[in-house]
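**Q** This is input-v6.cif, which holds mmCIF, C-alpha atoms:
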data_query
loop_
_atom_site.label_atom_id
_atom_site.label_comp_id
_atom_site.auth_asym_id
_atom_site.auth_seq_id
_atom_site.Cartn_x
_atom_site.Cartn_y
_atom_site.Cartn_z
CA MET H 298 180.64 100.90 126.92
CA ALA H 299 179.00 101.38 130.29
CA ASP H 300 175.40 100.35 130.74
CA PRO H 301 172.84 103.18 130.88
CA VAL H 302 171.35 104.30 134.14
CA PHE H 303 167.76 103.00 134.66
CA ASN H 304 166.54 105.22 137.45
CA LEU H 305 165.66 108.03 135.06
CA GLN H 306 162.62 110.13 135.84
CA PRO H 307 160.03 109.90 133.08
CA ARG H 308 159.31 113.04 131.09
CA GLN H 309 155.75 114.47 131.19
CA GLU H 310 153.91 115.92 128.22
CA HIS H 311 150.82 118.08 128.43
CA GLY H 312 147.62 116.19 127.40
CA ASN H 313 149.35 112.80 127.19
CA ARG H 314 150.01 110.09 129.72
CA ILE H 315 153.43 109.88 131.34
CA LYS H 316 155.92 108.19 129.07
CA SER H 317 156.77 105.44 131.55
CA LEU H 318 156.13 102.85 128.91
CA ARG H 319 159.02 104.15 126.79
CA VAL H 320 161.44 103.85 129.73
CA SER H 321 160.26 100.31 130.38
CA GLU H 322 160.77 99.37 126.76
CA PHE H 323 164.26 100.92 126.84
CA ARG H 324 165.18 98.93 129.90
CA VAL H 325 163.98 95.70 128.34
CA HIS H 326 165.83 96.49 125.14
CA VAL H 327 169.16 97.11 126.95
CA PHE H 328 168.73 94.06 129.16
CA GLU H 329 167.96 91.91 126.16
CA ARG H 330 171.10 93.16 124.39
CA ARG H 331 173.21 92.24 127.38
CA LEU H 332 171.70 88.71 127.48
CA ARG H 333 172.32 88.22 123.81
CA ALA H 334 175.92 89.22 124.28
CA GLN H 335 176.14 86.38 126.81
CA GLY H 336 174.55 83.89 124.37
CA ARG H 337 171.11 84.01 125.96
CA SER H 338 167.79 85.42 124.78
CA LEU H 339 164.87 87.16 126.44
CA ARG H 340 161.25 86.65 125.26
CA ARG H 341 159.33 89.81 125.93
CA ARG H 342 155.64 89.74 126.71
CA ASP H 343 153.55 91.16 123.85
CA ASP H 344 151.11 94.00 124.30
CA CYS H 345 147.36 93.42 124.30
CA SER H 346 145.48 92.92 121.07
CA ASP H 347 144.25 96.51 121.23
CA LEU H 348 147.87 97.79 121.54
CA SER H 349 147.21 98.85 125.13
CA ASP H 350 149.33 98.18 128.21
CA GLU H 351 146.75 97.10 130.80
CA ASP H 352 147.77 94.55 133.40
CA ASP H 353 146.89 91.09 132.13
CA CYS H 354 145.14 92.74 129.14
CA ARG H 355 142.07 93.58 131.22
CA ILE H 356 140.15 96.84 130.92
CA THR H 357 137.57 96.37 133.70
CA LEU H 358 138.01 97.06 137.41
CA LEU H 359 135.42 95.28 139.56
CA PRO H 360 134.38 96.71 142.95
CA LYS H 361 134.65 94.69 146.09
CA GLY H 362 131.72 92.33 146.57
CA TYR H 363 130.81 92.24 142.90
CA ARG H 364 128.67 89.19 142.07
CA THR H 365 128.56 87.86 138.54
CA GLU H 366 125.37 85.87 139.06
CA ARG H 367 123.19 88.92 139.85
CA PRO H 368 122.29 91.86 137.63
CA PRO H 369 123.93 95.18 138.55
CA GLU H 370 122.02 97.46 140.88
CA ASN H 371 120.18 100.24 139.10
CA ARG H 372 119.33 103.72 140.32
CA THR H 373 115.85 103.70 138.80
CA ALA H 374 112.80 104.09 140.99
CA ASP H 375 111.79 100.44 140.70
CA GLY H 376 115.36 99.16 141.07
CA VAL H 377 115.16 97.19 137.81
CA SER H 378 118.03 96.96 135.34
CA TYR H 379 116.76 97.75 131.86
CA LEU H 380 118.31 96.40 128.68
CA GLY H 381 118.41 98.14 125.33
CA THR H 382 117.89 95.64 122.51
CA THR H 383 118.58 95.65 118.80
CA VAL H 384 117.73 92.57 116.74
CA GLU H 385 119.24 92.53 113.26
CA ILE H 386 117.80 89.86 110.98
CA LEU H 387 120.54 88.77 108.61
CA ARG H 388 118.76 86.29 106.36
CA PHE H 389 115.83 83.87 106.07
CA MET H 390 117.20 80.46 105.19
CA ASP H 391 113.93 78.52 105.02
CA ILE H 392 110.20 79.05 105.55
CA SER H 393 108.29 75.77 105.64
CA ASP H 394 104.49 75.74 105.60
CA VAL H 395 104.22 72.00 106.17
CA LYS H 396 106.55 71.96 109.19
CA ARG H 397 105.33 75.37 110.37
CA LEU H 398 108.76 76.79 110.99
CA VAL H 399 110.98 79.64 109.90
CA ASN H 400 114.76 79.21 109.84
CA VAL H 401 116.47 82.54 110.36
CA GLU H 402 119.91 83.92 111.18
CA PHE H 403 120.06 87.04 113.32
CA VAL H 404 122.22 89.14 115.64
CA ILE H 405 121.09 90.29 119.09
CA GLU H 406 122.72 93.37 120.59
CA LEU H 407 122.05 94.02 124.29
CA THR H 408 123.22 97.14 126.12
CA TRP H 409 123.22 97.85 129.85
CA THR H 410 125.15 99.74 132.51
CA GLY H 411 127.28 97.98 135.09
CA ARG H 412 129.07 98.71 138.36
CA SER H 413 132.60 98.12 137.12
CA THR H 414 135.01 100.90 136.23
CA SER H 415 136.82 100.78 132.90
CA SER H 416 139.83 102.12 131.07
CA LEU H 417 138.47 102.92 127.62
CA ARG H 418 139.63 104.21 124.26
CA ASP H 419 137.85 105.97 121.45
CA ALA H 420 137.29 103.02 119.10
CA MET H 421 134.78 100.48 120.41
CA GLU H 422 136.71 97.61 118.76
CA TRP H 423 139.65 98.43 121.04
CA ASN H 424 137.39 98.11 124.08
CA GLN H 425 136.43 94.50 123.46
CA LEU H 426 136.33 92.34 126.56
CA HIS H 427 138.45 89.23 126.51
CA THR H 428 137.35 85.89 127.85
CA ARG H 429 138.42 86.58 131.43
CA ASP H 430 136.64 89.92 131.48
CA GLN H 431 133.49 88.39 130.02
CA ASP H 432 133.43 85.71 132.70
CA SER H 433 134.02 88.21 135.49
CA VAL H 434 131.06 90.53 134.73
CA TRP H 435 127.33 89.85 134.76
CA ARG H 436 125.83 89.25 131.36
CA PRO H 437 122.18 88.62 130.46
CA GLN H 438 121.32 85.06 129.49
CA LEU H 439 118.66 84.45 126.85
CA LYS H 440 116.15 81.68 126.28
CA PHE H 441 114.10 81.03 123.15
CA PRO H 442 110.67 79.63 124.11
CA ASN H 443 109.44 79.00 120.56
CA VAL H 444 112.60 77.44 119.14
CA LEU H 445 111.82 74.13 117.44
CA ASN H 446 113.34 71.08 119.18
CA GLY H 447 116.21 73.16 120.55
CA ASP H 448 117.45 73.79 117.01
CA ILE H 449 119.46 76.96 117.67
CA SER H 450 123.19 77.60 117.46
CA LEU H 451 125.34 80.40 118.85
CA LEU H 452 127.65 81.32 115.98
CA SER H 453 129.65 84.15 117.56
CA GLU H 454 129.70 86.27 120.70
CA ASP H 455 131.46 89.54 121.51
CA VAL H 456 131.26 91.95 124.45
CA PHE H 457 132.34 95.58 124.22
CA LEU H 458 132.50 98.65 126.43
CA LYS H 459 131.38 102.03 125.15
CA LYS H 460 131.77 105.36 126.92
CA ILE H 461 128.67 107.52 127.12
CA GLY H 462 129.71 110.13 129.68
CA ARG H 463 132.65 111.93 131.22
CA PRO H 464 135.63 110.13 132.72
CA GLU H 465 136.56 110.30 136.36
CA PRO H 466 139.06 112.96 137.48
CA ALA H 467 142.61 112.04 136.58
CA ASP H 468 144.88 110.63 139.26
CA PHE H 469 148.25 112.35 138.70
CA ASN H 470 149.92 110.00 141.17
CA ASP H 471 149.19 107.08 138.85
CA VAL H 472 152.19 106.38 136.65
CA ARG H 473 150.04 104.98 133.86
CA MET H 474 147.55 107.89 133.86
CA ASP H 475 144.69 105.76 132.44
CA ILE H 476 141.39 107.45 131.69
CA ILE H 477 138.86 105.74 133.96
CA TYR H 478 135.09 105.63 133.39
CA SER H 479 132.64 104.60 136.10
CA GLY H 480 129.85 102.10 135.54
CA GLU H 481 127.28 104.86 134.97
CA GLU H 482 129.43 106.59 132.35
CA ALA H 483 129.99 103.49 130.21
CA ILE H 484 127.72 100.81 128.84
CA LEU H 485 128.33 97.16 128.14
CA ILE H 486 127.38 95.89 124.67
CA GLN H 487 126.88 92.20 124.03
CA LYS H 488 126.54 90.99 120.43
CA GLN H 489 125.48 87.41 119.78
CA GLN H 490 124.83 85.86 116.40
CA TYR H 491 122.35 82.97 116.32
CA SER H 492 120.95 80.60 113.74
CA GLY H 493 117.82 78.63 114.56
CA SER H 494 114.41 77.30 113.55
CA PHE H 495 111.35 78.83 115.19
CA SER H 496 107.83 77.45 115.10
CA HIS H 497 104.91 79.64 114.11
CA SER H 498 101.17 79.26 113.80
CA PHE H 499 99.95 78.71 110.25
CA ASP H 500 96.68 80.34 109.15
CA GLY H 501 95.96 78.86 105.75
CA PHE H 502 92.26 79.69 105.37
CA TYR H 503 92.91 82.25 102.61
CA TYR H 504 95.72 80.28 100.95
CA PRO H 505 97.26 81.28 98.57
CA PHE H 506 96.13 84.84 99.33
CA ASP H 507 97.20 84.52 102.94
CA THR H 508 99.38 86.59 105.27
CA GLN H 509 101.47 84.82 107.90
CA ARG H 510 102.88 86.30 111.09
CA CYS H 511 106.04 84.65 112.38
CA SER H 512 107.67 85.53 115.67
CA ILE H 513 110.96 85.07 117.52
CA LEU H 514 110.66 85.07 121.31
CA LEU H 515 113.62 86.19 123.44
CA GLN H 516 113.21 85.56 127.17
CA LEU H 517 115.57 86.70 129.91
CA SER H 518 116.69 84.09 132.41
CA ASP H 519 116.51 86.53 135.33
CA ARG H 520 113.18 87.49 136.86
CA SER H 521 111.39 90.57 135.60
CA GLU H 522 111.74 92.34 138.96
CA LEU H 523 115.52 92.24 138.47
CA VAL H 524 116.04 92.87 134.77
CA ARG H 525 113.73 93.72 131.86
CA PHE H 526 113.81 94.68 128.24
CA ARG H 527 113.45 98.41 127.67
CA SER H 528 110.39 98.89 125.46
CA TRP H 529 111.41 102.39 124.35
CA ASP H 530 114.87 101.20 123.37
CA ALA H 531 114.03 98.03 121.39
CA GLN H 532 114.18 97.79 117.63
CA VAL H 533 114.50 95.30 114.80
CA ILE H 534 116.59 95.84 111.66
CA TYR H 535 116.39 94.05 108.32
CA GLN H 536 118.45 95.42 105.43
CA GLU H 537 118.27 92.57 102.93
CA ASP H 538 115.86 92.04 100.04
CA LEU H 539 112.21 92.05 101.08
CA GLN H 540 111.32 89.71 98.22
CA LEU H 541 111.82 86.16 99.49
CA PRO H 542 111.33 83.11 97.24
CA SER H 543 107.81 82.36 98.54
CA TYR H 544 106.93 85.44 100.60
CA VAL H 545 107.21 89.20 100.70
CA ILE H 546 108.13 90.85 104.00
CA ASN H 547 105.49 93.48 104.68
CA ASP H 548 106.36 94.60 108.18
CA TYR H 549 108.42 93.74 111.24
CA GLN H 550 108.28 95.06 114.78
CA VAL H 551 109.25 94.31 118.37
CA ILE H 552 106.91 93.97 121.33
CA VAL H 553 108.03 93.81 124.96
CA THR H 554 105.85 91.58 127.10
CA GLU H 555 106.07 89.07 129.96
CA ARG H 556 105.43 85.39 130.45
CA GLY H 557 105.50 82.95 133.34
CA ASN H 558 103.23 82.10 136.25
CA ASP H 559 101.80 84.14 139.11
CA GLN H 560 104.92 83.73 141.26
CA THR H 561 107.65 84.20 138.68
CA ARG H 562 107.53 86.49 135.65
CA TYR H 563 110.13 86.91 132.95
CA SER H 564 110.61 89.72 130.49
CA VAL H 565 110.09 88.66 126.88
CA LEU H 566 110.95 90.43 123.64
CA LYS H 567 108.79 89.37 120.71
CA VAL H 568 110.08 90.00 117.19
CA GLU H 569 107.07 89.77 114.90
CA ILE H 570 107.45 89.47 111.12
CA GLU H 571 104.53 89.80 108.71
CA LEU H 572 104.85 87.76 105.51
CA THR H 573 102.56 87.90 102.47
CA ARG H 574 102.64 84.96 100.11
CA ARG H 575 103.78 85.48 96.54
CA ARG H 576 100.75 84.11 94.73
CA LYS H 577 101.63 84.50 91.06
CA MET H 578 103.19 81.05 90.64
CA ILE H 579 100.44 79.39 92.68
CA VAL H 580 97.77 80.95 90.47
CA MET H 581 99.61 79.76 87.38
CA SER H 582 100.17 76.23 88.73
CA VAL H 583 96.82 75.65 90.50
CA TYR H 584 93.99 77.92 89.38
CA VAL H 585 94.80 78.04 85.68
CA PRO H 586 95.18 74.22 85.27
CA THR H 587 91.99 73.51 87.21
CA LEU H 588 90.10 76.04 85.11
CA MET H 589 91.39 74.39 81.92
CA LEU H 590 90.35 70.95 83.18
CA LEU H 591 86.93 72.29 84.05
CA LEU H 592 86.52 73.72 80.55
CA ILE H 593 87.51 70.36 79.05
CA GLY H 594 84.84 68.60 81.09
CA TYR H 595 82.32 71.31 80.17
CA SER H 596 83.11 70.90 76.47
CA THR H 597 81.86 67.29 76.57
CA LEU H 598 78.33 68.68 76.78
CA PHE H 599 78.72 69.81 73.17
CA VAL H 600 79.60 66.33 71.89
CA LYS H 601 76.92 64.39 70.02
CA VAL H 602 74.62 62.27 72.12
CA SER H 603 75.49 59.18 70.13
CA LEU H 604 79.18 59.43 71.15
CA MET H 605 78.59 58.27 74.70
CA GLN H 606 82.02 56.68 75.17
CA VAL H 607 83.84 59.83 74.09
CA ARG H 608 81.88 62.05 76.44
CA LEU H 609 82.20 59.70 79.41
CA VAL H 610 85.89 58.82 78.98
CA VAL H 611 86.98 62.44 78.62
CA SER H 612 84.96 63.48 81.69
CA LEU H 613 86.32 60.66 83.86
CA THR H 614 89.91 61.34 82.81
CA THR H 615 89.50 65.02 83.57
CA LEU H 616 88.12 64.20 87.02
CA LEU H 617 91.04 61.90 87.83
CA VAL H 618 93.61 64.49 86.76
CA LEU H 619 91.86 67.14 88.82
CA TYR H 620 91.86 64.93 91.91
CA THR H 621 95.60 64.25 91.48
CA LEU H 622 96.27 67.97 91.32
CA PHE H 623 94.15 68.50 94.43
CA ASN H 624 96.08 65.80 96.30
CA ASN H 625 99.45 67.32 95.38
CA THR H 626 98.34 70.78 96.47
CA SER H 627 97.05 69.45 99.81
CA ASN H 628 100.36 67.70 100.51
CA ALA H 629 102.18 71.03 100.18
CA LEU H 630 100.10 72.50 103.04
CA PRO H 631 99.92 71.61 106.74
CA VAL H 632 97.03 69.54 108.01
CA THR H 633 94.25 71.71 109.46
CA ASP H 634 90.90 71.02 111.07
CA TYR H 635 89.11 73.58 108.89
CA VAL H 636 88.34 73.86 105.20
CA LYS H 637 90.58 76.30 103.34
CA MET H 638 89.61 78.48 100.41
CA ILE H 639 91.76 76.42 98.08
CA ASP H 640 89.81 73.34 99.19
CA LEU H 641 86.54 75.05 98.30
CA TRP H 642 87.86 75.80 94.85
CA PHE H 643 88.78 72.17 94.23
CA PHE H 644 85.47 70.96 95.69
CA HIS H 645 83.65 73.25 93.28
CA CYS H 646 85.58 71.95 90.25
CA ILE H 647 85.23 68.30 91.32
CA PHE H 648 81.50 68.74 91.94
CA LEU H 649 80.91 70.24 88.50
CA LEU H 650 82.82 67.44 86.77
CA PHE H 651 80.97 64.85 88.82
CA PHE H 652 77.67 66.46 87.86
CA ILE H 653 78.66 66.42 84.18
CA ILE H 654 79.51 62.69 84.35
CA LEU H 655 76.13 61.91 85.95
CA SER H 656 74.43 63.97 83.26
CA HIS H 657 76.08 61.90 80.53
CA VAL H 658 74.96 58.68 82.19
CA PHE H 659 71.42 60.00 82.58
CA VAL H 660 71.25 61.19 78.97
CA ASP H 661 72.42 57.79 77.72
CA HIS H 662 69.46 56.09 79.35
CA LEU H 663 66.89 58.42 77.91
CA ASP H 664 64.63 57.26 75.13
CA THR H 665 65.81 58.99 71.96
CA LYS H 666 63.05 57.69 69.61
CA GLY H 667 60.48 60.27 70.50
CA GLN H 668 59.40 62.96 72.88
CA ASP H 669 57.98 61.37 76.01
CA LEU H 670 55.83 63.72 78.06
CA VAL H 671 55.79 63.36 81.79
CA GLN H 672 53.21 65.15 83.93
CA ILE H 673 54.38 66.35 87.31
CA ARG H 674 51.71 67.13 89.88
CA PRO H 675 52.22 70.33 91.98
CA ALA H 676 53.29 70.04 95.60
CA ASN H 677 49.96 71.45 96.86
CA GLY H 678 48.15 68.30 95.66
CA SER H 679 46.00 70.07 93.09
CA THR H 680 44.22 67.87 90.53
CA ASN H 681 43.68 70.61 87.97
CA PRO H 682 45.37 69.46 84.72
CA LYS H 683 46.19 73.06 83.86
CA GLU H 684 48.53 73.25 86.82
CA PHE H 685 50.46 70.15 85.78
CA VAL H 686 53.97 70.65 84.44
CA GLN H 687 55.04 68.83 81.32
CA VAL H 688 58.68 67.77 80.95
CA VAL H 689 60.09 66.66 77.64
CA LYS H 690 62.63 63.85 78.00
CA LYS H 691 64.85 64.67 75.09
CA PRO H 692 68.67 64.17 75.39
CA GLU H 693 69.60 67.09 73.15
CA LEU H 694 67.39 69.47 75.04
CA LEU H 695 68.73 68.31 78.39
CA LEU H 696 72.34 68.82 77.34
CA LYS H 697 71.45 72.26 75.97
CA VAL H 698 69.88 73.30 79.25
CA LEU H 699 72.90 72.08 81.21
CA ARG H 700 75.53 73.81 79.08
CA ILE H 701 73.65 77.11 78.63
CA TYR H 702 71.86 77.68 81.92
CA VAL H 703 72.69 75.29 84.78
CA LEU H 704 76.49 75.03 84.78
CA PRO H 705 77.25 78.67 83.78
CA VAL H 706 74.88 80.07 86.42
CA VAL H 707 76.22 77.81 89.19
CA SER H 708 79.84 78.54 88.28
CA LEU H 709 79.24 82.28 88.00
CA CYS H 710 77.55 82.50 91.42
CA PHE H 711 80.33 80.52 93.06
CA ASN H 712 83.13 82.60 91.51
CA VAL H 713 81.50 85.89 92.48
CA VAL H 714 81.25 84.85 96.12
CA TYR H 715 84.64 83.10 96.17
CA TRP H 716 86.72 85.93 94.72
CA ALA H 717 84.80 88.55 96.69
CA VAL H 718 85.84 86.82 99.91
CA LEU H 719 89.47 86.48 98.81
CA LEU H 720 89.83 90.04 97.58
CA GLY H 721 88.02 91.31 100.65
CA SER H 722 90.54 89.55 102.87
CA GLN H 723 93.37 91.36 101.07
CA LYS H 724 91.79 94.76 101.66
CA ALA H 725 91.19 93.91 105.31
#
Output the structure of this file as structure tokens.
**A**
Amino acid sequence: MADPVFNLQPRQEHGNRIKSLRVSEFRVHVFERRLRAQGRSLRRRDDCSDLSDEDDCRITLLPKGYRTERPPENRTADGVSYLGTTVEILRFMDISDVKRLVNVEFVIELTWTGRSTSSLRDAMEWNQLHTRDQDSVWRPQLKFPNVLNGDISLLSEDVFLKKIGRPEPADFNDVRMDIIYSGEEAILIQKQQYSGSFSHSFDGFYYPFDTQRCSILLQLSDRSELVRFRSWDAQVIYQEDLQLPSYVINDYQVIVTERGNDQTRYSVLKVEIELTRRRKMIVMSVYVPTLMLLLIGYSTLFVKVSLMQVRLVVSLTTLLVLYTLFNNTSNALPVTDYVKMIDLWFFHCIFLLFFIILSHVFVDHLDTKGQDLVQIRPANGSTNPKEFVQVVKKPELLLKVLRIYVLPVVSLCFNVVYWAVLLGSQKA
């Protein structure tokens, strides 16, 4: 059988590209059959991963003089290239109060227009840039100013092209008949997935009724007069559960700002996350036990005066247990140069127990055989006996005054002020 003729003219179909690819495949198929008949084989080159037939699997056409180290020129009035930004927070892996860090995994999506022309298809996954295309076009580089000790990892990176306008007029002299989009009619999309630990300032004054604000700073490597984040096209997305183990996510937002010195400024995107502490377990593990210990120490005022060892031993043991609980709670919080509300609560409980212990010691040294009267002269120095105050040194009466008037009034006044400040901070 004679070999087929290869100089056939390709057939054209309305609305489709010229079927030159079919002729090429037919030629390769016939040539391969001839080589196999001679005991040889031909290894054909596979198509691109997106099933396209671009030369060298590239979909970008760079203009002459294109420089990969500079941002593309923009037609805006200030000549700045603006980036659209979407930050998707995937998960919070750890939030440490002692180390003052938040470990988070997130995806950054940056969009911008370039100068290159592209041959695009409908599905964005088919318009993914391969390694050579990614290295040949300018891409924004990010820095993370508040990352802790450089603890950040790039998990994945992809670059896509997406058409947003009309294609250029078709060139009917082109055999391939590709649909070409200019740089203004297509945008570049860069998706990067990171995992890192970011430091944040800890405000523990109202602990455990506190609200923390953590932030992730994204800084562009190029100067702000060349490229900036677009404030009206920046957003943050979080679609997971708002109830974290120790916190509840109240709000999250993005803020576009700048940082640097007077000579060089850089555009910065700040992702701010507001976290409210879940206080139920802390109340059950801190406030309730301390209140129970305080009641145990208060109950020693009802023990008989003659049982001095019982009253004193129980009070001392209660004080030691309370101090141990205070030490454990302080170790779970970062060191600060100010007194926190939780510290005031422990100081109040420790002070009351200390006062009860001193009262037991004082009562033990009182004379219990009779009522000794002591006259106290007024502060104005008056010598009138009618103005003298008589105090009865009786142990039972002293304990009664302490357990009915002194300790309840002091504790009530403190709790009113303490909880008013805490609850007021929540409303604020």
**Q** Which polymer residues have any atom within 9 Å of an atom of region 620-636 of chain H, counting all atoms listed in the file, with same-chain residues fewer than 4 positions away left out, as a list in words?
**A**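 Within the cut-off, the hits are Asp394, Val395, Lys396, Arg397, Phe499, Asp500, Gly501, Phe502, Val583, Pro586, Thr587, Thr615, Leu616, Asp640, Leu641, Phe643 and Ile647 of chain H.
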**Q** Looking at all atoms listed in the file, which of H:Val718, H:Asp661, H:Val551, H:Leu699 is the one that sits closest to Gln606 (chain H)?
**A**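 Using all atoms listed in the file, Gln606 (chain H) sits closest to H:Asp661.
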**Q** Residue by residue, what does the PyMOL selection byres ((chain H and resi 530-541) around 8) grab here? Present the result as a ChimeraX atom specification.
**A** /H:380-388,526-529,542-547,549-551,568
**Q** Find the residue from H:Asp391, H:Pro505, H:Lys440, H:Ser494 that sits nearest to Met581 (chain H); use only C-alpha atoms when measuring.
**A**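 When distances to Met581 (chain H) are compared using only C-alpha atoms, the smallest one comes from H:Pro505.
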**Q** With 10 Å as the cut-off and only C-alpha atoms counted, what is the closest atom pair between each nearby residue of region 486-603 of chain H and region 424-439 of chain H? Distances in Å to one decimal, ordered by chain and number, as CSV.
**A**
residue,atom,partner,partner_atom,distance
H:Ile486,CA,H:Gln425,CA,9.2
H:Gln487,CA,H:Arg436,CA,8.0
H:Leu514,CA,H:Leu439,CA,9.8
H:Leu515,CA,H:Leu439,CA,6.3
H:Gln516,CA,H:Leu439,CA,5.6
H:Leu517,CA,H:Leu439,CA,4.9
H:Ser518,CA,H:Gln438,CA,5.6
H:Asp519,CA,H:Gln438,CA,7.7
H:Val524,CA,H:Pro437,CA,8.6
H:Arg525,CA,H:Pro437,CA,10.0
H:Val565,CA,H:Leu439,CA,9.5
**Q** Write the residues of the preceding selection, restricted to C-alpha atoms, as a compact mmCIF listing (two decimals), in the frame of the given file.
**A**
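Wrote it out as out13.txt, contents follow:
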# COMPACT_ATOMS: atom_id res chain seq x y z
CA ILE H 486 127.38 95.89 124.67
CA GLN H 487 126.88 92.20 124.03
CA LEU H 514 110.66 85.07 121.31
CA LEU H 515 113.62 86.19 123.44
CA GLN H 516 113.21 85.56 127.17
CA LEU H 517 115.57 86.70 129.91
CA SER H 518 116.69 84.09 132.41
CA ASP H 519 116.51 86.53 135.33
CA VAL H 524 116.04 92.87 134.77
CA ARG H 525 113.73 93.72 131.86
CA VAL H 565 110.09 88.66 126.88
**Q** Run the PyMOL selection byres ((chain H and resi 399) around 12) on the file and write out the hits as number ranges by chain.
**A** H: 388-398, 400-402, 443-445, 448-449, 492-499, 509-513, 544, 569-570, 572
**Q** Figure out the distance between CA of Glu406 (chain H) and CA of Ile552 (chain H), please, to one decimal in Å.
**A** 15.8 Å
**Q** Rounded to one decimal in Å, what is the spacing between CA of Met638 (chain H) and CA of Arg576 (chain H)?
**A**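 Computed distance, CA of Met638 (chain H) to CA of Arg576 (chain H), equals 13.7 Å.
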**Q** To one decimal place, how far is CA of Asp559 (chain H) from CA of Gly447 (chain H) in Å?
**A**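 Those two atoms sit 25.9 Å apart.
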**Q** Measuring atom to atom with all atoms listed in the file, identify which of H:Leu655, H:Val660, H:Cys646, H:Ile484 is nearest to Leu604 (chain H).
**A**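 Under the stated criterion, the closest residue is H:Val660.
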**Q** Measuring atom to atom with only C-alpha atoms, identify which of H:Val580, H:Leu485, H:Ile405, H:Ile653 is nearest to Ser453 (chain H).
**A**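 Closest candidate: H:Ile405.
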**Q** Once the PyMOL selection byres ((chain H and resi 555) around 6) is applied to the coordinates I shared, what remains selected? I want it as a ChimeraX atom specification.
**A** /H:554,556,563-565
**Q** Which centre and which edge lengths, in Å to one decimal, describe the axis-aligned box that holds all listed atoms of region 491-503 of chain H after 5 Å is added on each side, as lines of an AutoDock Vina configuration file?
**A**
center_x = 107.3
center_y = 80.1
center_z = 109.5
size_x = 40.1
size_y = 15.7
size_z = 23.7
**Q** So, counting all atoms listed in the file, which residue among H:Leu609, H:Lys637, H:Leu704, H:Arg520 is closest to Ser378 (chain H)?
**A**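 Of H:Leu609, H:Lys637, H:Leu704, H:Arg520, the one nearest Ser378 (chain H), counting all atoms listed in the file, is H:Arg520.
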**Q** Using all atoms listed in the file, pick whichever of H:Leu452, H:Leu696, H:Leu588, H:Leu458 has the shortest atom-to-atom distance to Asn712 (chain H).
**A**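 Among the listed residues, the smallest separation from Asn712 (chain H) belongs to H:Leu588.
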**Q** Using only C-alpha atoms, which protein or nucleic acid residues come within 10 Å of Gly376 (chain H)? Drop anything in the same chain fewer than 6 positions from it, and give the result as a ChimeraX atom specification.
**A** /H:369-370,522-524
**Q** Contacts of Thr508 (chain H) at 7 Å or less, counting all atoms listed in the file, minus same-chain residues fewer than 4 places along, as an mmCIF file with C-alpha atoms, keeping the file's coordinate frame?
**A**
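Writing the result to result.cif gives the following:
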data_model
loop_
_atom_site.group_PDB
_atom_site.id
_atom_site.type_symbol
_atom_site.label_atom_id
_atom_site.label_comp_id
_atom_site.auth_asym_id
_atom_site.auth_seq_id
_atom_site.Cartn_x
_atom_site.Cartn_y
_atom_site.Cartn_z
ATOM 1 C CA GLU H 571 104.530 89.800 108.710
ATOM 2 C CA LEU H 572 104.850 87.760 105.510
ATOM 3 C CA THR H 573 102.560 87.900 102.470
ATOM 4 C CA ARG H 574 102.640 84.960 100.110
#
